[in-house]
$ cat start07.txt   # compact mmCIF, C-alpha atoms
# COMPACT_ATOMS: atom_id res chain seq x y z
CA MET Y 1 13.27 20.94 -57.29
CA LYS Y 2 9.92 22.46 -58.14
CA GLY Y 3 8.07 24.38 -55.39
CA LYS Y 4 5.09 22.04 -55.35
CA SER Y 5 7.28 19.01 -54.84
CA TRP Y 6 8.17 20.30 -51.34
CA ILE Y 7 4.54 20.44 -50.23
CA VAL Y 8 4.16 16.67 -49.97
CA PRO Y 9 7.12 16.04 -47.63
CA ILE Y 10 6.15 19.04 -45.49
CA VAL Y 11 2.55 17.89 -45.18
CA LEU Y 12 3.72 14.37 -44.41
CA GLY Y 13 6.03 15.79 -41.75
CA LEU Y 14 3.19 17.74 -40.16
CA ILE Y 15 1.01 14.66 -40.05
CA MET Y 16 3.81 12.52 -38.63
CA GLY Y 17 4.58 15.17 -36.03
CA GLY Y 18 0.98 15.26 -34.92
CA ILE Y 19 0.86 11.48 -34.64
CA ILE Y 20 4.13 11.39 -32.69
CA PHE Y 21 2.81 14.00 -30.26
CA ALA Y 22 -0.60 12.39 -29.84
CA THR Y 23 0.84 8.96 -29.08
CA GLY Y 24 3.35 10.33 -26.58
CA ILE Y 25 6.26 8.73 -28.40
CA PHE Y 26 8.01 12.10 -28.43
CA HIS Y 27 8.29 12.27 -24.67
CA GLN Y 28 9.36 8.67 -24.37
CA VAL Y 29 12.14 9.09 -26.91
CA PHE Y 30 13.37 12.61 -26.24
CA ALA Y 31 12.55 13.19 -22.58
CA SER Y 32 15.64 12.87 -20.46
CA SER Y 33 15.84 9.45 -18.92
CA PRO Y 34 16.90 9.40 -15.30
CA VAL Y 35 20.35 8.00 -14.70
CA LYS Y 36 19.83 5.18 -12.25
CA ALA Y 37 22.64 4.18 -9.99
CA ASN Y 38 22.03 0.84 -8.26
CA ALA Y 39 18.43 0.68 -9.45
CA LEU Y 40 15.95 -1.89 -8.23
CA SER Y 41 16.05 -4.88 -10.57
CA ASP Y 42 13.33 -5.16 -13.19
CA ASP Y 43 12.18 -8.41 -11.62
CA ILE Y 44 11.59 -6.85 -8.19
CA THR Y 45 10.27 -3.59 -9.68
CA THR Y 46 7.65 -5.32 -11.76
CA THR Y 47 6.58 -7.59 -8.93
CA VAL Y 48 6.15 -4.71 -6.50
CA LEU Y 49 4.46 -2.35 -8.99
CA ASN Y 50 1.91 -5.03 -9.79
CA SER Y 51 1.64 -6.50 -6.31
CA HIS Y 52 -2.10 -5.80 -6.06
CA ASN Y 53 -2.68 -8.21 -8.96
CA LYS Y 54 -0.91 -11.11 -7.27
CA TRP Y 55 -3.41 -11.98 -4.56
CA LYS Y 56 -7.17 -12.28 -4.13
CA THR Y 57 -7.48 -12.22 -0.34
CA LEU Y 58 -5.17 -11.40 2.53
CA GLN Y 59 -5.54 -11.73 6.25
CA GLY Y 60 -3.06 -11.29 9.01
CA ASP Y 61 -1.56 -9.23 11.77
CA SER Y 62 1.20 -6.65 11.86
CA GLN Y 63 3.07 -4.50 14.32
CA PHE Y 64 4.34 -0.95 13.96
CA ILE Y 65 6.89 0.62 16.30
CA TRP Y 66 7.33 4.35 15.72
CA TYR Y 67 10.34 6.05 17.26
CA GLY Y 68 9.55 9.57 18.37
CA PRO Y 69 11.81 12.62 18.33
CA LYS Y 70 12.26 12.54 22.10
CA GLY Y 71 13.40 8.94 22.32
CA ASP Y 72 9.89 7.64 22.99
CA THR Y 73 8.18 4.83 21.09
CA GLN Y 74 4.60 4.17 20.11
CA THR Y 75 3.50 0.67 19.22
CA TYR Y 76 0.44 -0.26 17.21
CA THR Y 77 -0.96 -3.48 15.84
CA ASN Y 78 -2.95 -3.63 12.61
CA LYS Y 79 -5.14 -6.70 12.17
CA PHE Y 80 -6.37 -6.94 8.59
CA TYR Y 81 -8.71 -8.74 6.23
CA LEU Y 82 -8.80 -7.82 2.56
CA SER Y 83 -10.73 -9.22 -0.37
CA GLN Y 84 -10.20 -7.82 -3.85
CA PRO Y 85 -11.11 -5.45 -5.24
CA ALA Y 86 -12.02 -3.26 -2.30
CA SER Y 87 -13.37 -5.09 0.74
CA VAL Y 88 -11.17 -4.07 3.62
CA TYR Y 89 -11.13 -4.44 7.39
CA VAL Y 90 -8.29 -3.06 9.49
CA ASP Y 91 -8.39 -2.95 13.29
CA ILE Y 92 -5.73 -0.58 14.60
CA VAL Y 93 -4.83 -1.02 18.26
CA ASP Y 94 -2.70 1.54 20.09
CA LEU Y 95 -0.62 -0.45 22.58
CA SER Y 96 0.70 2.83 23.96
CA GLN Y 97 -2.90 3.55 25.02
CA LYS Y 98 -2.98 7.12 23.77
CA GLY Y 99 -6.32 6.48 22.10
CA ASN Y 100 -4.98 6.89 18.57
CA ASP Y 101 -6.75 3.79 17.29
CA GLY Y 102 -9.88 2.67 15.50
CA ILE Y 103 -11.25 0.41 12.81
CA TRP Y 104 -11.52 0.97 9.06
CA ILE Y 105 -14.02 -0.99 7.00
CA SER Y 106 -14.84 -0.86 3.33
CA ASP Y 107 -17.67 -2.91 1.87
CA GLY Y 108 -17.21 -1.62 -1.66
CA ASN Y 109 -20.06 0.88 -1.28
CA ASN Y 110 -18.88 2.99 1.61
CA ILE Y 111 -15.77 3.48 3.69
CA TYR Y 112 -16.44 3.47 7.41
CA LYS Y 113 -14.24 4.88 10.16
CA LEU Y 114 -15.09 3.37 13.52
CA HIS Y 115 -14.26 5.13 16.77
CA LYS Y 116 -13.77 2.56 19.48
CA GLY Y 117 -14.08 4.94 22.39
CA ASP Y 118 -17.71 5.97 21.91
CA LYS Y 119 -18.80 3.20 19.52
CA THR Y 120 -19.66 5.61 16.73
CA TYR Y 121 -18.67 5.63 13.10
CA THR Y 122 -18.57 8.00 10.16
CA SER Y 123 -19.17 7.10 6.56
CA GLN Y 124 -17.61 8.22 3.29
CA ILE Y 125 -18.96 7.24 -0.10
CA PHE Y 126 -16.83 4.71 -1.92
CA ASN Y 127 -16.32 6.53 -5.18
CA ALA Y 128 -14.77 5.51 -8.46
CA LYS Y 129 -11.42 6.95 -7.47
CA VAL Y 130 -10.79 4.11 -5.05
CA LEU Y 131 -10.84 1.61 -7.90
CA ASP Y 132 -9.02 3.78 -10.44
CA LEU Y 133 -5.59 2.21 -10.97
CA SER Y 134 -4.90 4.02 -14.24
CA MET Y 135 -2.29 6.32 -12.70
CA LEU Y 136 -0.18 3.52 -11.21
CA PRO Y 137 3.02 2.80 -13.13
CA THR Y 138 3.21 -0.84 -14.14
CA SER Y 139 6.83 -0.93 -15.27
CA SER Y 140 10.06 0.92 -14.61
CA ILE Y 141 9.82 3.03 -17.78
CA LYS Y 142 6.54 4.52 -16.54
CA ILE Y 143 7.98 5.71 -13.22
CA GLN Y 144 8.22 9.51 -13.01
CA PRO Y 145 11.07 10.97 -10.94
CA ASP Y 146 9.08 13.94 -9.59
CA PHE Y 147 5.79 12.17 -8.91
CA VAL Y 148 4.70 9.18 -6.87
CA TYR Y 149 1.40 7.33 -7.00
CA MET Y 150 0.05 5.39 -4.05
CA HIS Y 151 -2.49 2.65 -4.60
CA PRO Y 152 -5.86 4.41 -4.12
CA ILE Y 153 -7.02 1.98 -1.45
CA ALA Y 154 -3.94 2.77 0.63
CA SER Y 155 -4.76 6.48 0.25
CA HIS Y 156 -8.50 6.44 0.84
CA ILE Y 157 -8.47 3.96 3.75
CA GLN Y 158 -6.14 5.47 6.29
CA ALA Y 159 -4.48 2.46 7.89
CA PRO Y 160 -0.66 2.19 7.93
CA ILE Y 161 -0.52 -1.51 7.01
CA LEU Y 162 -2.15 -0.80 3.67
CA GLU Y 163 0.96 1.15 2.63
CA TYR Y 164 2.95 -2.08 2.92
CA ILE Y 165 0.34 -4.34 1.40
CA TYR Y 166 -0.16 -1.99 -1.56
CA SER Y 167 3.56 -1.49 -1.93
CA THR Y 168 3.74 0.06 -5.40
CA TRP Y 169 5.32 3.23 -3.96
CA PHE Y 170 8.48 1.35 -2.96
CA ALA Y 171 9.49 0.69 -6.54
CA GLN Y 172 8.80 4.22 -7.76
CA SER Y 173 12.34 5.36 -7.29
CA ARG Y 174 14.10 8.63 -7.99
CA PRO Y 175 17.14 8.76 -10.27
CA ASN Y 176 19.78 8.82 -7.54
CA ASP Y 177 18.17 6.50 -5.02
CA VAL Y 178 20.28 3.42 -4.34
CA TYR Y 179 18.77 -0.01 -3.94
CA THR Y 180 20.84 -3.03 -2.94
CA LEU Y 181 19.53 -6.56 -2.95
CA SER Y 182 21.49 -7.74 0.05
CA SER Y 183 20.09 -11.22 0.55
CA GLU Y 184 17.06 -13.44 0.50
CA TYR Y 185 15.27 -14.51 3.65
CA THR Y 186 12.36 -16.60 4.81
CA ILE Y 187 9.69 -14.79 6.81
CA LEU Y 188 6.36 -16.35 7.79
CA ASN Y 189 7.32 -19.31 5.58
CA ARG Y 190 7.54 -17.00 2.61
CA GLN Y 191 10.62 -16.34 0.49
CA ALA Y 192 11.57 -12.68 0.58
CA TRP Y 193 14.02 -10.34 -1.12
CA VAL Y 194 15.92 -8.21 1.38
CA VAL Y 195 16.44 -4.80 -0.21
CA ASP Y 196 18.39 -1.99 1.38
CA TYR Y 197 17.40 1.46 0.25
CA GLN Y 198 19.30 4.74 0.48
CA THR Y 199 17.74 8.00 -0.69
CA ILE Y 200 19.42 11.22 -1.73
CA ASN Y 201 17.60 13.10 1.05
CA GLY Y 202 19.19 11.05 3.82
CA ASP Y 203 16.48 8.54 4.61
CA SER Y 204 17.32 4.86 4.41
CA GLY Y 205 15.48 1.65 4.88
CA THR Y 206 15.37 -2.08 4.50
CA ALA Y 207 12.41 -3.89 3.00
CA TRP Y 208 11.70 -7.61 3.18
CA ILE Y 209 9.59 -8.15 0.07
CA ASP Y 210 7.55 -11.30 -0.54
CA LYS Y 211 8.81 -12.72 -3.83
CA SER Y 212 5.47 -14.12 -4.88
CA THR Y 213 3.19 -11.14 -4.11
CA GLY Y 214 5.46 -8.08 -3.82
CA ILE Y 215 3.97 -7.29 -0.41
CA ILE Y 216 6.40 -5.77 2.08
CA LEU Y 217 6.48 -8.23 4.97
CA GLN Y 218 8.87 -6.24 7.09
CA PHE Y 219 10.25 -2.71 6.89
CA ARG Y 220 12.78 -0.69 8.78
CA GLN Y 221 13.28 3.05 8.22
CA LEU Y 222 15.91 5.48 9.41
CA THR Y 223 15.35 9.22 9.05
CA ASN Y 224 18.40 11.45 9.39
CA GLY Y 225 20.34 8.44 10.66
CA LYS Y 226 17.90 7.71 13.50
CA LEU Y 227 15.58 4.76 13.73
CA PHE Y 228 12.11 5.97 12.74
CA LEU Y 229 9.95 2.91 12.09
CA GLU Y 230 9.99 -0.84 12.45
CA MET Y 231 7.12 -2.67 10.81
CA LYS Y 232 6.65 -6.40 10.64
CA MET Y 233 3.86 -8.73 9.72
CA THR Y 234 3.42 -11.32 12.44
CA ASN Y 235 0.87 -13.45 10.61
CA LEU Y 236 -0.13 -13.62 6.94
CA GLN Y 237 -2.44 -15.85 4.94
CA VAL Y 238 -2.70 -15.33 1.19
CA ASP Y 239 -5.80 -16.31 -0.77
CA ALA Y 240 -7.51 -18.05 2.15
CA PRO Y 241 -11.32 -17.78 2.39
CA ILE Y 242 -12.59 -14.79 4.37
CA ASP Y 243 -15.99 -14.52 6.02
CA SER Y 244 -17.75 -11.57 4.38
CA THR Y 245 -19.15 -10.42 7.74
CA TRP Y 246 -15.75 -8.89 8.47
CA PHE Y 247 -16.72 -6.12 6.05
CA LEU Y 248 -19.90 -5.13 7.90
CA VAL Y 249 -20.08 -2.45 10.56
CA PRO Y 250 -20.73 -4.16 13.92
CA ASN Y 251 -24.21 -3.57 15.32
CA GLU Y 252 -22.94 -1.87 18.46
CA TYR Y 253 -21.66 1.12 16.45
CA SER Y 254 -23.85 4.14 15.69
CA LEU Y 255 -23.56 6.35 12.62
CA VAL Y 256 -22.75 10.01 13.20
CA ASN Y 257 -22.33 12.80 10.66
CA LYS Y 258 -18.71 13.57 9.74
CA MET U 1 18.69 12.24 -54.15
CA LYS U 2 15.42 14.14 -54.34
CA THR U 3 13.72 11.31 -52.46
CA LEU U 4 16.33 11.54 -49.74
CA PHE U 5 15.81 15.29 -49.40
CA ARG U 6 12.04 14.86 -49.23
CA PHE U 7 12.35 12.14 -46.60
CA GLY U 8 14.72 14.25 -44.53
CA THR U 9 12.39 17.22 -44.79
CA SER U 10 9.49 15.15 -43.55
CA ILE U 11 11.48 13.94 -40.57
CA ILE U 12 12.64 17.44 -39.64
CA VAL U 13 9.13 18.87 -39.96
CA ALA U 14 7.75 15.99 -37.88
CA ILE U 15 10.20 16.64 -35.05
CA LEU U 16 9.58 20.38 -35.11
CA THR U 17 5.81 19.83 -35.09
CA ALA U 18 5.92 17.44 -32.14
CA THR U 19 8.17 19.85 -30.22
CA LEU U 20 5.91 22.81 -30.93
CA LEU U 21 2.78 20.94 -29.88
CA SER U 22 4.44 19.79 -26.63
CA ASN U 23 5.36 23.36 -25.71
CA VAL U 24 1.89 24.66 -26.51
CA VAL U 25 0.29 22.06 -24.24
CA LEU U 26 2.70 22.83 -21.39
CA ALA U 27 1.90 26.53 -21.63
CA ALA U 28 -1.76 25.80 -20.91
CA GLY U 29 -1.01 24.03 -17.64
CA PRO U 30 -0.60 22.20 -15.26
CA PHE U 31 -0.08 24.61 -12.40
CA TYR U 32 2.29 24.73 -9.46
CA ILE U 33 0.77 26.54 -6.49
CA THR U 34 2.60 27.74 -3.42
CA GLN U 35 1.28 27.57 0.11
CA GLU U 36 1.51 31.39 0.32
CA PRO U 37 -1.05 32.33 1.48
CA LEU U 38 -3.16 29.65 3.11
CA TYR U 39 -6.85 30.19 3.80
CA TYR U 40 -8.68 29.23 6.96
CA VAL U 41 -11.37 26.53 6.78
CA GLN U 42 -12.25 25.60 10.35
CA GLY U 43 -10.83 24.70 13.73
CA SER U 44 -8.07 26.62 15.42
CA SER U 45 -7.35 29.92 13.72
CA ALA U 46 -3.64 29.80 14.51
CA TYR U 47 -1.97 30.39 11.16
CA PRO U 48 0.51 27.63 10.27
CA ASN U 49 4.04 28.64 11.16
CA SER U 50 6.58 29.47 8.50
CA LEU U 51 9.64 27.27 8.11
CA PRO U 52 12.43 28.59 5.92
CA SER U 53 14.21 25.43 4.87
CA SER U 54 16.01 23.98 1.91
CA GLY U 55 13.97 20.87 2.70
CA CYS U 56 10.84 22.66 1.47
CA ARG U 57 10.03 23.35 -2.13
CA GLY U 58 10.98 26.90 -3.00
CA GLY U 59 12.89 27.33 0.26
CA SER U 60 10.00 27.53 2.71
CA CYS U 61 6.85 25.79 3.81
CA ARG U 62 4.41 26.02 6.71
CA TYR U 63 3.53 23.69 9.58
CA LEU U 64 1.44 23.04 12.64
CA GLY U 65 2.20 20.61 15.45
CA GLN U 66 0.01 17.51 15.58
CA VAL U 67 -2.96 17.19 17.90
CA THR U 68 -5.03 14.09 18.60
CA ALA U 69 -8.12 15.47 16.89
CA TYR U 70 -7.73 17.81 13.98
CA ASP U 71 -7.30 21.32 15.09
CA GLY U 72 -6.61 23.68 12.24
CA ILE U 73 -7.82 23.06 8.70
CA TRP U 74 -6.17 25.34 6.16
CA ARG U 75 -6.53 25.24 2.41
CA TRP U 76 -4.54 26.30 -0.60
CA GLY U 77 -6.31 29.11 -2.44
CA SER U 78 -9.56 30.97 -1.86
CA THR U 79 -12.95 29.56 -2.79
CA THR U 80 -12.72 31.23 -6.18
CA SER U 81 -9.22 30.05 -6.95
CA TYR U 82 -9.54 26.78 -8.80
CA SER U 83 -11.94 25.82 -11.54
CA ASN U 84 -12.35 22.57 -13.40
CA VAL U 85 -9.49 20.87 -11.64
CA ASN U 86 -8.62 17.43 -12.91
CA GLN U 87 -5.77 16.06 -10.80
CA TRP U 88 -4.49 17.10 -7.38
CA TYR U 89 -0.97 16.54 -6.09
CA ALA U 90 0.70 17.64 -2.86
CA TYR U 91 4.44 18.12 -2.39
CA ASP U 92 5.98 16.20 0.47
CA PRO U 93 8.91 18.22 1.83
CA LYS U 94 12.18 16.57 2.80
CA VAL U 95 11.42 17.41 6.44
CA GLY U 96 8.11 15.51 6.43
CA VAL U 97 7.58 13.24 9.46
CA ALA U 98 3.84 12.76 9.96
CA ALA U 99 0.87 11.26 8.14
CA ALA U 100 -1.67 13.89 7.15
CA ASP U 101 -5.27 13.99 5.98
CA TYR U 102 -5.85 15.80 2.67
CA TRP U 103 -9.38 16.94 2.01
CA VAL U 104 -10.64 17.91 -1.45
CA TRP U 105 -13.83 19.94 -1.66
CA GLU U 106 -15.46 19.73 -5.07
CA ASN U 107 -18.77 21.35 -4.17
CA SER U 108 -21.09 21.93 -1.22
CA SER U 109 -22.37 18.36 -1.29
CA TYR U 110 -19.30 16.42 -2.38
CA SER U 111 -15.89 16.13 -0.82
CA TRP U 112 -13.46 13.35 -0.10
CA SER U 113 -10.22 12.82 1.75
CA VAL U 114 -7.11 10.71 1.56
CA VAL U 115 -4.06 10.22 3.73
CA MET U 116 -0.61 11.22 2.52
CA ASP U 117 2.20 9.89 4.63
CA GLN U 118 4.69 12.75 4.79
CA SER U 119 7.20 10.41 6.47
CA ASN U 120 7.13 7.84 3.67
CA ILE U 121 10.65 7.31 2.46
CA ASN U 122 9.70 7.55 -1.21
CA ASN U 123 7.25 10.46 -0.99
CA LYS U 124 9.74 13.05 0.15
CA GLU U 125 10.73 15.80 -2.25
CA ARG U 126 8.12 14.67 -4.73
CA PHE U 127 4.56 15.49 -5.68
CA VAL U 128 2.31 12.77 -4.30
CA TYR U 129 -0.87 12.08 -6.22
CA ILE U 130 -3.94 12.85 -4.11
CA GLY U 131 -6.72 12.09 -6.58
CA TYR U 132 -8.89 13.64 -9.25
CA SER U 133 -12.01 15.76 -9.28
CA ASP U 134 -15.14 14.06 -10.57
CA LYS U 135 -17.19 17.22 -10.85
CA THR U 136 -16.90 20.31 -12.97
CA ASN U 137 -16.77 23.17 -10.54
CA SER U 138 -15.70 26.76 -10.27
CA GLY U 139 -14.81 26.72 -6.59
CA GLU U 140 -12.75 23.68 -5.73
CA TRP U 141 -10.04 23.56 -3.11
CA MET U 142 -7.78 21.23 -1.16
CA ALA U 143 -6.88 21.46 2.51
CA THR U 144 -4.94 19.62 5.13
CA ASN U 145 -4.99 19.66 8.91
CA ASN U 146 -2.81 18.75 11.85
CA GLY U 147 -4.85 15.90 13.30
CA CYS U 148 -3.23 12.57 14.12
CA ILE U 149 -4.07 9.61 11.93
CA TYR U 150 -4.91 6.27 13.56
CA GLY U 151 -1.90 3.99 13.67
CA TRP U 152 0.79 6.53 12.81
CA TYR U 153 2.93 8.21 15.45
CA CYS U 154 0.95 10.87 17.28
CA GLY U 155 2.72 13.41 19.43
CA SER U 156 3.34 16.93 18.21
CA LEU U 157 5.16 16.03 15.04
CA ASN U 158 4.94 18.77 12.46
CA VAL U 159 2.41 18.49 9.68
CA TYR U 160 3.54 20.49 6.66
CA TRP U 161 1.85 22.61 4.03
CA ASP U 162 4.13 22.90 1.00
CA ASP U 163 3.35 23.45 -2.69
CA ILE U 164 0.58 21.70 -4.58
CA TYR U 165 0.23 20.88 -8.24
CA ILE U 166 -2.98 20.69 -10.22
CA THR U 167 -4.00 19.85 -13.75
CA THR U 168 -7.20 21.10 -15.27
CA LYS U 169 -9.85 19.53 -17.44
$ encode --input "start07.txt" --output "structure tokens"
Amino acid sequence: MKGKSWIVPIVLGLIMGGIIFATGIFHQVFASSPVKANALSDDITTTVLNSHNKWKTLQGDSQFIWYGPKGDTQTYTNKFYLSQPASVYVDIVDLSQKGNDGIWISDGNNIYKLHKGDKTYTSQIFNAKVLDLSMLPTSSIKIQPDFVYMHPIASHIQAPILEYIYSTWFAQSRPNDVYTLSSEYTILNRQAWVVDYQTINGDSGTAWIDKSTGIILQFRQLTNGKLFLEMKMTNLQVDAPIDSTWFLVPNEYSLVNK
Amino acid sequence: MKTLFRFGTSIIVAILTATLLSNVVLAAGPFYITQEPLYYVQGSSAYPNSLPSSGCRGGSCRYLGQVTAYDGIWRWGSTTSYSNVNQWYAYDPKVGVAAADYWVWENSSYSWSVVMDQSNINNKERFVYIGYSDKTNSGEWMATNNGCIYGWYCGSLNVYWDDIYITTK
């Protein structure tokens, strides 16, 4: 074969290689795929990963019981109102009366943290990050074993119930985590998957996942074999009208610098 | 036959090119950063305790016991450490048990914070995405503190400083 006749295939190869790299196909084809034992089904995975797209408004109540290292418990309620994309109200009440409670409000312009004790609040600008969902995996093939992405609202607004409303993290499994769909159940008149979860690091849990929205209605976690958390929603309304005044800071609160 | 050889050559060159480009990009970053040493920001000056543990990335991490209001704020890196950061991630060690506030300082007039639940069953032994930097800056940093977070258990649980991971612009 003449020398010049090799130039064309080599140049074509270089161009193809550049295209393959730029489009990320290389990593998808040649990167090692995690071996999943007892993986969460695609149906449940997709529902949970895209949960935030399956409702417009939510309102309800929830209860958290934390089990402390010394056999003690702390109980909190989280009353919530949410209206997409980013209007949020969560009233956290500490039933153990240790004062670890307050109110979070987002009106889409600012995020407010209200301190019930002295009726003051601090303000944080609602920046573009809170609405940036580009990092969230939307399907099982986009889940990365070494990284996990919380929904930005659940990160920026620091109320525990938001972790179970924006439940995308639950489906972002590691290769050797074991999920078992043990049954289906009705909670708050809603059909739920009951999924048991065992991690390689010794934690385990059970999640009751709403089949229509992917929201976690109830959750139970054991850490190192000991009960760590019991969460349950006690009231939930999906896509019911919400008075917009819930997302305003009450007049009796005064702004202080952070 | 010649056509087959040419086609095969193209394929081989394409694979080698994609591999080479991938390795070049990885060499430019991102960056894994250890919690050794931590730098003081404000509050209590008690340096976070060291915990040698296989549950921490690299075999050790640091911690402070929770307090009801934040006490010690400690950051990864000095003020001159990180420039033009794009994404921030924090490693949640296997031993994580508390929710923690992570504060990113982009410049003297712009900072923001998020919560990372170190007890979350799916966060442990992984890098949890914290957020991205909007600004171009030569002195960015991230810190955490040992204050309780409303609604999570509060009572002297350990808050951990382990490795972080950043990408640059």
$ interface_residues --input "start07.txt" --of "chain U" --to "chain Y" --cutoff "8 Å" --atoms "only C-alpha atoms" --output "PyMOL selection string"
chain U and resi 2+6-7+9-19+21-22+68+94+112-116+121-132+148-155
$ atom_distance --input "start07.txt" --atom1 "atom CA of Y:Thr57" --atom2 "atom CA of Y:Ala240"
6.3 Å
$ atom_distance --input "start07.txt" --atom1 "atom CA of U:Gly59" --atom2 "atom CA of U:Pro37"
14.9 Å
$ closest_residue --input "start07.txt" --among "U:Ala90, U:Leu4, U:Val97, U:Ala143" --to "U:Trp76" --atoms "all atoms listed in the file"
U:Ala143
$ atom_distance --input "start07.txt" --atom1 "atom CA of U:Gly139" --atom2 "atom CA of U:Ser78"
8.2 Å
$ closest_residue --input "start07.txt" --among "U:Leu38, U:Val159, U:Met142, U:Val104" --to "U:Tyr63" --atoms "all atoms listed in the file"
U:Val159
$ closest_residue --input "start07.txt" --among "U:Tyr165, U:Trp141, U:Tyr160, U:Phe5" --to "U:Asp101" --atoms "only C-alpha atoms"
U:Tyr160
$ axis_aligned_box --input "start07.txt" --around "stretch 176-193 of chain Y" --padding-each-side "6 Å" --output "lines of an AutoDock Vina configuration file"
center_x = 13.9
center_y = -5.2
center_z = 0.1
size_x = 27.1
size_y = 40.1
size_z = 27.3
$ residues_around --input "start07.txt" --residues "U:Arg75" --least-positions-apart "4" --cutoff "12 Å" --atoms "all atoms listed in the file" --output "PyMOL selection string"
chain U and resi 33-42+47-48+62+79+81-82+90+101-105+140-145+160-164
$ residues_around --input "start07.txt" --residues "Y:Ser244" --least-positions-apart "6" --cutoff "12 Å" --atoms "all atoms listed in the file" --output "list in words"
Thr57, Tyr81, Leu82, Ser83, Gln84, Ser87, Val88, Tyr89, Ile105, Ser106, Asp107 and Gly108 of chain Y
$ residues_near_point --input "start07.txt" --point "(-14.5, 25.5, -14.1)" --cutoff "6 Å" --atoms "only C-alpha atoms" --output "ChimeraX atom specification"
/U:83-84,136-138
$ closest_residue --input "start07.txt" --among "Y:Val48, Y:Lys116, Y:Val238, Y:Ile141" --to "Y:Trp208" --atoms "all atoms listed in the file"
Y:Val48
